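Below is one structure, written out as structure tokens, with a few remarks after it.
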Amino acid sequence: MNEALPLVVANLKANKSWQEVSTWIDTVSPVCNTFTGTIIFCPSHPFLTSSAQKIKSTNSKIKLGAQDVSCFEQGAYTGEVAASQIADLVSFAIVGHSERRQNFNEEWPILQKKVANAQAVGIEPIFCVQNDETPIAQNVKVIAYEPTFAIGTGQTDSIENITKVAQNLKQKGDYIVLYGGSVSKENAKSIANDPVDGILVGATNSLDPQKFMEIVNSLL
Ligand code: PGA
């Protein structure tokens with residue numbers, strides 16, 4: 001992982017048309033020129049190719065990420081997207097988000113396979129854990145601590161607890177640790193501080209590119 005910290009990840013979830021995704025890239029790209037960290041943009045799979053083309057053609061510094069990868073490699077897996085199919089488009093992939101754990105019963109060993117498949121083709125998994133006891137797949141470098149009570153609720157975890165969980169995670173390995181769950185422009189700066197290496201911003205404040213920019217600006 002060579003990207004500069006802090007990492008600021010935008011997870012758009014199952015939202016937006018291509019036109020809106022395109023506008024998002026246009027709106028957020030300029031702030032990358034002043035931001036010393038890294039913005040990782042995760043739109044839905046159908047928009048990865050066009051987003052990658054747009055980022056390249058406009059010389060944007062936004063990095064592209066997928067919201068998920070399949071636990072299978074290419075083959076007879078209708079509806080799935082194999083890591084190798086998007087390897088030339090994305091640098092990162094979110095794996096183990098609690099919404100996938102809950103809605104799609106994703107558990108160990110599915111998550112291990114997803115991580116391994118992503119790593120095999122050079123995609124850096126952003127592995128989501130719900131607490132400091134959640135098992136972490138092998139060779140993961142980037143972890144996002146995302147307590148489920150904080151996701152989409154406006155109820156951020158306390159700075160004290162975020163710090164404690166990040167410290168505990170870092171004791172388990174040489175991890176880059178992000179926090180996600182109701183991050184806003186009001187709390188981003190106090191959260192994205194040592195030992196926390198960045199933030200994961202979900203639908204609450206990443207869908208509106210202006211709101212997302214305000215979060216990045218608060219870190220400048
Ligand atoms: P939120 O989502 O920012 O809307 O709380 C975070 C996430 O789902 O990763």
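By convention in this document, the chains of the structure tokens carry letters A, B, ... by their order, each chain's residues are numbered from 1, and ligands are numbered from 1 in the order they are shown.
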Each residue of chain A with at least one atom at most 8 Å from ligand 1 should appear once, together with its nearest atom pair and the corresponding distance in Å (one decimal); atoms considered: only C-alpha atoms and all ligand atoms; ordering: chain, then increasing residue number; output as a tab-separated table.
residue	atom	partner	partner_atom_place_in_ligand_line	distance
A:Asn11	CA	ligand 1	9 (O)	6.2
A:Lys13	CA	ligand 1	8 (O)	7.7
A:His97	CA	ligand 1	9 (O)	7.0
A:Ser98	CA	ligand 1	8 (O)	7.7
A:Glu99	CA	ligand 1	8 (O)	7.4
A:Glu146	CA	ligand 1	9 (O)	6.6
A:Ala150	CA	ligand 1	5 (O)	5.8
A:Ile151	CA	ligand 1	5 (O)	3.5
A:Gly152	CA	ligand 1	5 (O)	3.6
A:Thr153	CA	ligand 1	5 (O)	6.2
A:Gly154	CA	ligand 1	5 (O)	6.7
A:Thr156	CA	ligand 1	5 (O)	7.9
A:Gly180	CA	ligand 1	6 (C)	5.0
A:Gly181	CA	ligand 1	5 (O)	3.7
A:Ser182	CA	ligand 1	5 (O)	3.6
A:Val183	CA	ligand 1	3 (O)	5.4
A:Ser184	CA	ligand 1	3 (O)	7.7
A:Leu200	CA	ligand 1	9 (O)	5.6
A:Val201	CA	ligand 1	3 (O)	4.1
A:Gly202	CA	ligand 1	2 (O)	3.3
A:Ala203	CA	ligand 1	4 (O)	4.1
A:Thr204	CA	ligand 1	4 (O)	3.7
A:Asn205	CA	ligand 1	3 (O)	6.0
A:Ser206	CA	ligand 1	3 (O)	7.3
Residues just named, written with C-alpha atoms as an mmCIF file, in the first residue's frame:
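Saved result, part-v3.cif, follows:
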data_model
loop_
_atom_site.group_PDB
_atom_site.id
_atom_site.type_symbol
_atom_site.label_atom_id
_atom_site.label_comp_id
_atom_site.auth_asym_id
_atom_site.auth_seq_id
_atom_site.Cartn_x
_atom_site.Cartn_y
_atom_site.Cartn_z
ATOM 1 C CA ASN A 11 -18.733 4.108 -0.307
ATOM 2 C CA LYS A 13 -23.463 1.705 -1.836
ATOM 3 C CA HIS A 97 -18.909 -4.728 5.070
ATOM 4 C CA SER A 98 -21.539 -5.398 7.740
ATOM 5 C CA GLU A 99 -24.331 -4.847 5.199
ATOM 6 C CA GLU A 146 -17.178 0.002 11.466
ATOM 7 C CA ALA A 150 -22.949 3.779 13.818
ATOM 8 C CA ILE A 151 -23.651 2.957 10.171
ATOM 9 C CA GLY A 152 -26.220 5.286 8.662
ATOM 10 C CA THR A 153 -27.565 6.303 12.075
ATOM 11 C CA GLY A 154 -25.856 9.623 12.756
ATOM 12 C CA THR A 156 -20.729 8.028 15.675
ATOM 13 C CA GLY A 180 -16.456 4.241 9.402
ATOM 14 C CA GLY A 181 -19.948 5.027 10.701
ATOM 15 C CA SER A 182 -21.695 8.405 10.493
ATOM 16 C CA VAL A 183 -18.536 10.353 9.705
ATOM 17 C CA SER A 184 -19.384 13.993 8.977
ATOM 18 C CA LEU A 200 -14.775 5.411 5.450
ATOM 19 C CA VAL A 201 -17.728 7.595 4.546
ATOM 20 C CA GLY A 202 -20.922 5.809 3.554
ATOM 21 C CA ALA A 203 -24.213 6.952 2.119
ATOM 22 C CA THR A 204 -24.847 9.472 4.913
ATOM 23 C CA ASN A 205 -22.230 11.934 3.717
ATOM 24 C CA SER A 206 -20.648 10.618 0.522
#
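By only C-alpha atoms, and with residues fewer than 2 positions from Ala116 in chain A along its chain excluded, the set lying at most 10 Å from it is Cys71, Ala83, Ile110, Leu111, Gln112, Lys113, Lys114, Ala118, Gln119, Ala120, Val121, Gly122, Ile123, Glu124, Pro125, Ala137, Gln138, Asn139 and Val140 of chain A.
Atom pair CA of Leu89 in chain A / CA of Cys32 in chain A has a distance of 19.0 Å (rounded to one decimal).
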All residues 12 Å or closer to Leu5 in chain A, only C-alpha atoms, same chain fewer than 3 positions away omitted, as a PyMOL selection string: chain A and resi 1-2+8-9+35-40+142+176-178+192-199+219-220
Print the selection's residues with N, CA, C and O atoms to a file, as a compact mmCIF listing (two decimals), in the first residue's frame.
# COMPACT_ATOMS: atom_id res chain seq x y z
N MET A 1 0.86 -1.19 0.00
CA MET A 1 0.00 0.00 0.00
C MET A 1 0.89 1.23 0.00
O MET A 1 1.48 1.55 1.02
N ASN A 2 0.95 1.91 -1.13
CA ASN A 2 1.83 3.08 -1.22
C ASN A 2 1.11 4.41 -1.09
O ASN A 2 1.73 5.46 -1.13
N VAL A 8 -9.33 8.48 2.67
CA VAL A 8 -10.73 8.87 2.83
C VAL A 8 -11.53 8.11 1.77
O VAL A 8 -11.38 8.36 0.57
N VAL A 9 -12.31 7.15 2.23
CA VAL A 9 -13.02 6.25 1.32
C VAL A 9 -14.47 6.70 1.21
O VAL A 9 -15.13 6.96 2.22
N PHE A 35 -5.31 18.11 -1.18
CA PHE A 35 -5.35 17.12 -0.10
C PHE A 35 -4.10 16.25 -0.16
O PHE A 35 -3.76 15.72 -1.21
N THR A 36 -3.41 16.11 0.97
CA THR A 36 -2.15 15.34 0.96
C THR A 36 -2.39 13.85 1.19
O THR A 36 -1.46 13.05 1.05
N GLY A 37 -3.61 13.46 1.57
CA GLY A 37 -3.94 12.05 1.71
C GLY A 37 -4.49 11.49 0.40
O GLY A 37 -4.20 12.02 -0.67
N THR A 38 -5.27 10.41 0.50
CA THR A 38 -5.76 9.73 -0.69
C THR A 38 -7.27 9.54 -0.62
O THR A 38 -7.79 9.07 0.40
N ILE A 39 -7.95 9.93 -1.69
CA ILE A 39 -9.39 9.72 -1.78
C ILE A 39 -9.65 8.45 -2.58
O ILE A 39 -9.13 8.29 -3.68
N ILE A 40 -10.42 7.55 -2.01
CA ILE A 40 -10.74 6.28 -2.68
C ILE A 40 -12.25 6.25 -2.92
O ILE A 40 -13.05 6.29 -1.97
N VAL A 142 -5.22 -3.15 5.23
CA VAL A 142 -6.10 -2.02 5.57
C VAL A 142 -7.37 -2.56 6.21
O VAL A 142 -8.08 -3.38 5.62
N ILE A 176 -3.10 -0.60 8.71
CA ILE A 176 -3.64 0.75 8.54
C ILE A 176 -5.09 0.65 8.98
O ILE A 176 -5.82 -0.23 8.51
N VAL A 177 -5.50 1.49 9.92
CA VAL A 177 -6.85 1.35 10.48
C VAL A 177 -7.69 2.58 10.17
O VAL A 177 -7.31 3.72 10.47
N LEU A 178 -8.85 2.33 9.54
CA LEU A 178 -9.80 3.40 9.23
C LEU A 178 -11.00 3.26 10.18
O LEU A 178 -11.23 2.20 10.75
N ALA A 192 -9.99 11.27 12.43
CA ALA A 192 -8.85 10.87 11.59
C ALA A 192 -7.53 11.38 12.18
O ALA A 192 -6.83 12.20 11.60
N ASN A 193 -7.23 10.88 13.34
CA ASN A 193 -6.03 11.27 14.08
C ASN A 193 -5.36 10.02 14.59
O ASN A 193 -6.04 9.04 14.90
N ASP A 194 -4.05 10.05 14.77
CA ASP A 194 -3.32 8.93 15.31
C ASP A 194 -4.07 8.34 16.52
O ASP A 194 -4.47 9.11 17.39
N PRO A 195 -4.37 7.06 16.59
CA PRO A 195 -3.88 5.97 15.74
C PRO A 195 -4.78 5.65 14.53
O PRO A 195 -4.57 4.63 13.89
N VAL A 196 -5.76 6.50 14.25
CA VAL A 196 -6.67 6.22 13.12
C VAL A 196 -6.08 6.83 11.85
O VAL A 196 -5.71 8.01 11.83
N ASP A 197 -6.00 6.03 10.79
CA ASP A 197 -5.30 6.44 9.57
C ASP A 197 -6.22 6.93 8.46
O ASP A 197 -5.76 7.18 7.34
N GLY A 198 -7.50 7.04 8.78
CA GLY A 198 -8.41 7.52 7.74
C GLY A 198 -9.84 7.18 8.09
O GLY A 198 -10.14 6.65 9.17
N ILE A 199 -10.74 7.49 7.16
CA ILE A 199 -12.17 7.32 7.42
C ILE A 199 -12.86 6.68 6.22
O ILE A 199 -12.40 6.82 5.08
N LEU A 219 -10.14 18.14 6.72
CA LEU A 219 -8.88 17.45 7.06
C LEU A 219 -7.65 18.19 6.55
O LEU A 219 -6.52 17.80 6.85
N LEU A 220 -7.88 19.24 5.76
CA LEU A 220 -6.72 19.92 5.12
C LEU A 220 -5.89 20.68 6.16
O LEU A 220 -6.41 21.13 7.16
Those of chain A in DSSP strand (DSSP E), formatted as a ChimeraX atom specification: /A:7-11,38-42,63-66,92-95,124-129,142-145,176-180,198-201
Restrict the selected residues to N, CA and C atoms and save them as an mmCIF file, in the first residue's frame.
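The resulting file, result-v3.cif, is reproduced below:
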data_model
loop_
_atom_site.group_PDB
_atom_site.id
_atom_site.type_symbol
_atom_site.label_atom_id
_atom_site.label_comp_id
_atom_site.auth_asym_id
_atom_site.auth_seq_id
_atom_site.Cartn_x
_atom_site.Cartn_y
_atom_site.Cartn_z
ATOM 1 N N LEU A 7 -6.379 7.983 4.456
ATOM 2 C CA LEU A 7 -7.250 7.500 3.388
ATOM 3 C C LEU A 7 -8.663 7.988 3.689
ATOM 4 N N VAL A 8 -9.327 8.484 2.672
ATOM 5 C CA VAL A 8 -10.731 8.870 2.826
ATOM 6 C C VAL A 8 -11.525 8.105 1.771
ATOM 7 N N VAL A 9 -12.305 7.148 2.231
ATOM 8 C CA VAL A 9 -13.019 6.253 1.322
ATOM 9 C C VAL A 9 -14.467 6.704 1.209
ATOM 10 N N ALA A 10 -14.967 6.796 -0.026
ATOM 11 C CA ALA A 10 -16.389 7.095 -0.254
ATOM 12 C C ALA A 10 -17.064 5.828 -0.739
ATOM 13 N N ASN A 11 -17.984 5.316 0.063
ATOM 14 C CA ASN A 11 -18.733 4.108 -0.307
ATOM 15 C C ASN A 11 -20.147 4.534 -0.694
ATOM 16 N N THR A 38 -5.268 10.413 0.504
ATOM 17 C CA THR A 38 -5.761 9.729 -0.691
ATOM 18 C C THR A 38 -7.267 9.544 -0.617
ATOM 19 N N ILE A 39 -7.946 9.925 -1.685
ATOM 20 C CA ILE A 39 -9.394 9.721 -1.778
ATOM 21 C C ILE A 39 -9.650 8.451 -2.580
ATOM 22 N N ILE A 40 -10.417 7.547 -2.010
ATOM 23 C CA ILE A 40 -10.744 6.280 -2.679
ATOM 24 C C ILE A 40 -12.249 6.254 -2.921
ATOM 25 N N PHE A 41 -12.625 6.214 -4.181
ATOM 26 C CA PHE A 41 -14.027 6.341 -4.594
ATOM 27 C C PHE A 41 -14.570 4.967 -4.969
ATOM 28 N N CYS A 42 -15.648 4.552 -4.308
ATOM 29 C CA CYS A 42 -16.213 3.219 -4.545
ATOM 30 C C CYS A 42 -17.654 3.314 -5.045
ATOM 31 N N LYS A 63 -8.476 7.622 -6.445
ATOM 32 C CA LYS A 63 -8.241 6.181 -6.627
ATOM 33 C C LYS A 63 -9.604 5.492 -6.650
ATOM 34 N N LEU A 64 -9.678 4.444 -7.437
ATOM 35 C CA LEU A 64 -10.950 3.761 -7.575
ATOM 36 C C LEU A 64 -10.966 2.486 -6.736
ATOM 37 N N GLY A 65 -12.106 2.239 -6.110
ATOM 38 C CA GLY A 65 -12.272 1.003 -5.342
ATOM 39 C C GLY A 65 -13.600 0.361 -5.682
ATOM 40 N N ALA A 66 -13.675 -0.964 -5.497
ATOM 41 C CA ALA A 66 -14.945 -1.675 -5.667
ATOM 42 C C ALA A 66 -15.579 -1.860 -4.296
ATOM 43 N N PHE A 92 -8.473 -0.823 -4.958
ATOM 44 C CA PHE A 92 -8.968 -1.292 -3.663
ATOM 45 C C PHE A 92 -10.308 -2.005 -3.834
ATOM 46 N N ALA A 93 -10.670 -2.803 -2.829
ATOM 47 C CA ALA A 93 -12.026 -3.367 -2.767
ATOM 48 C C ALA A 93 -12.426 -3.496 -1.303
ATOM 49 N N ILE A 94 -13.631 -3.039 -1.006
ATOM 50 C CA ILE A 94 -14.172 -3.217 0.344
ATOM 51 C C ILE A 94 -14.577 -4.695 0.465
ATOM 52 N N VAL A 95 -14.196 -5.310 1.566
ATOM 53 C CA VAL A 95 -14.577 -6.715 1.810
ATOM 54 C C VAL A 95 -15.090 -6.825 3.245
ATOM 55 N N GLU A 124 -6.051 -4.162 -3.314
ATOM 56 C CA GLU A 124 -5.868 -4.060 -1.854
ATOM 57 C C GLU A 124 -7.234 -4.142 -1.169
ATOM 58 N N PRO A 125 -7.477 -5.194 -0.382
ATOM 59 C CA PRO A 125 -8.772 -5.250 0.318
ATOM 60 C C PRO A 125 -8.832 -4.235 1.468
ATOM 61 N N ILE A 126 -9.957 -3.588 1.596
ATOM 62 C CA ILE A 126 -10.242 -2.773 2.795
ATOM 63 C C ILE A 126 -11.189 -3.646 3.609
ATOM 64 N N PHE A 127 -10.648 -4.277 4.627
ATOM 65 C CA PHE A 127 -11.383 -5.321 5.335
ATOM 66 C C PHE A 127 -12.144 -4.710 6.503
ATOM 67 N N CYS A 128 -13.477 -4.822 6.463
ATOM 68 C CA CYS A 128 -14.298 -4.199 7.508
ATOM 69 C C CYS A 128 -14.456 -5.144 8.698
ATOM 70 N N VAL A 129 -14.233 -4.601 9.874
ATOM 71 C CA VAL A 129 -14.479 -5.355 11.104
ATOM 72 C C VAL A 129 -15.489 -4.565 11.943
ATOM 73 N N VAL A 142 -5.219 -3.152 5.231
ATOM 74 C CA VAL A 142 -6.098 -2.022 5.572
ATOM 75 C C VAL A 142 -7.374 -2.559 6.211
ATOM 76 N N ILE A 143 -7.654 -2.074 7.414
ATOM 77 C CA ILE A 143 -8.853 -2.498 8.150
ATOM 78 C C ILE A 143 -9.737 -1.276 8.371
ATOM 79 N N ALA A 144 -11.045 -1.466 8.205
ATOM 80 C CA ALA A 144 -11.973 -0.389 8.573
ATOM 81 C C ALA A 144 -12.790 -0.860 9.758
ATOM 82 N N TYR A 145 -12.648 -0.155 10.874
ATOM 83 C CA TYR A 145 -13.478 -0.449 12.052
ATOM 84 C C TYR A 145 -14.809 0.258 11.848
ATOM 85 N N ILE A 176 -3.103 -0.598 8.709
ATOM 86 C CA ILE A 176 -3.637 0.749 8.536
ATOM 87 C C ILE A 176 -5.090 0.648 8.983
ATOM 88 N N VAL A 177 -5.504 1.491 9.917
ATOM 89 C CA VAL A 177 -6.850 1.354 10.480
ATOM 90 C C VAL A 177 -7.694 2.585 10.165
ATOM 91 N N LEU A 178 -8.849 2.329 9.538
ATOM 92 C CA LEU A 178 -9.803 3.396 9.234
ATOM 93 C C LEU A 178 -11.000 3.263 10.178
ATOM 94 N N TYR A 179 -11.760 4.347 10.289
ATOM 95 C CA TYR A 179 -13.023 4.272 11.032
ATOM 96 C C TYR A 179 -14.160 4.632 10.084
ATOM 97 N N GLY A 180 -15.266 3.898 10.183
ATOM 98 C CA GLY A 180 -16.456 4.241 9.402
ATOM 99 C C GLY A 180 -17.706 4.144 10.246
ATOM 100 N N GLY A 198 -7.500 7.040 8.776
ATOM 101 C CA GLY A 198 -8.408 7.518 7.744
ATOM 102 C C GLY A 198 -9.843 7.178 8.090
ATOM 103 N N ILE A 199 -10.737 7.491 7.158
ATOM 104 C CA ILE A 199 -12.171 7.317 7.418
ATOM 105 C C ILE A 199 -12.863 6.682 6.218
ATOM 106 N N LEU A 200 -13.949 5.986 6.502
ATOM 107 C CA LEU A 200 -14.775 5.411 5.450
ATOM 108 C C LEU A 200 -16.142 6.089 5.546
ATOM 109 N N VAL A 201 -16.504 6.795 4.510
ATOM 110 C CA VAL A 201 -17.728 7.595 4.546
ATOM 111 C C VAL A 201 -18.772 6.921 3.672
#
Selection: 10 Å around Asp208 in chain A, only C-alpha atoms, excl. self and same-chain fewer than 3 positions, as a PyMOL selection string: chain A and resi 12+20+24+27+203-205+211-213
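You can rank A:Gln210, A:Glu186, A:Asp26, A:Pro46 by their closest distance to Gly79 in chain A using only C-alpha atoms, and at the top of that list sits A:Pro46.
Computed from the coordinates, the CA of Pro30 in chain A to CA of Glu214 in chain A distance equals 12.5 Å.
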Separation of CA of Asp157 in chain A from CA of Gln130 in chain A, in Å and rounded to one decimal: 11.6 Å
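When only C-alpha atoms are used to measure the gap to Ser22 in chain A, the shortest distance among A:Ser84, A:Gln74, A:Asn59, A:Ser50 belongs to A:Ser50.
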DSSP helix (DSSP H, G or I) selection over range 29-149 of chain A, as a VMD selection string: chain A and resid 29 to 33 45 to 57 83 to 86 98 to 103 110 to 120 148 to 149
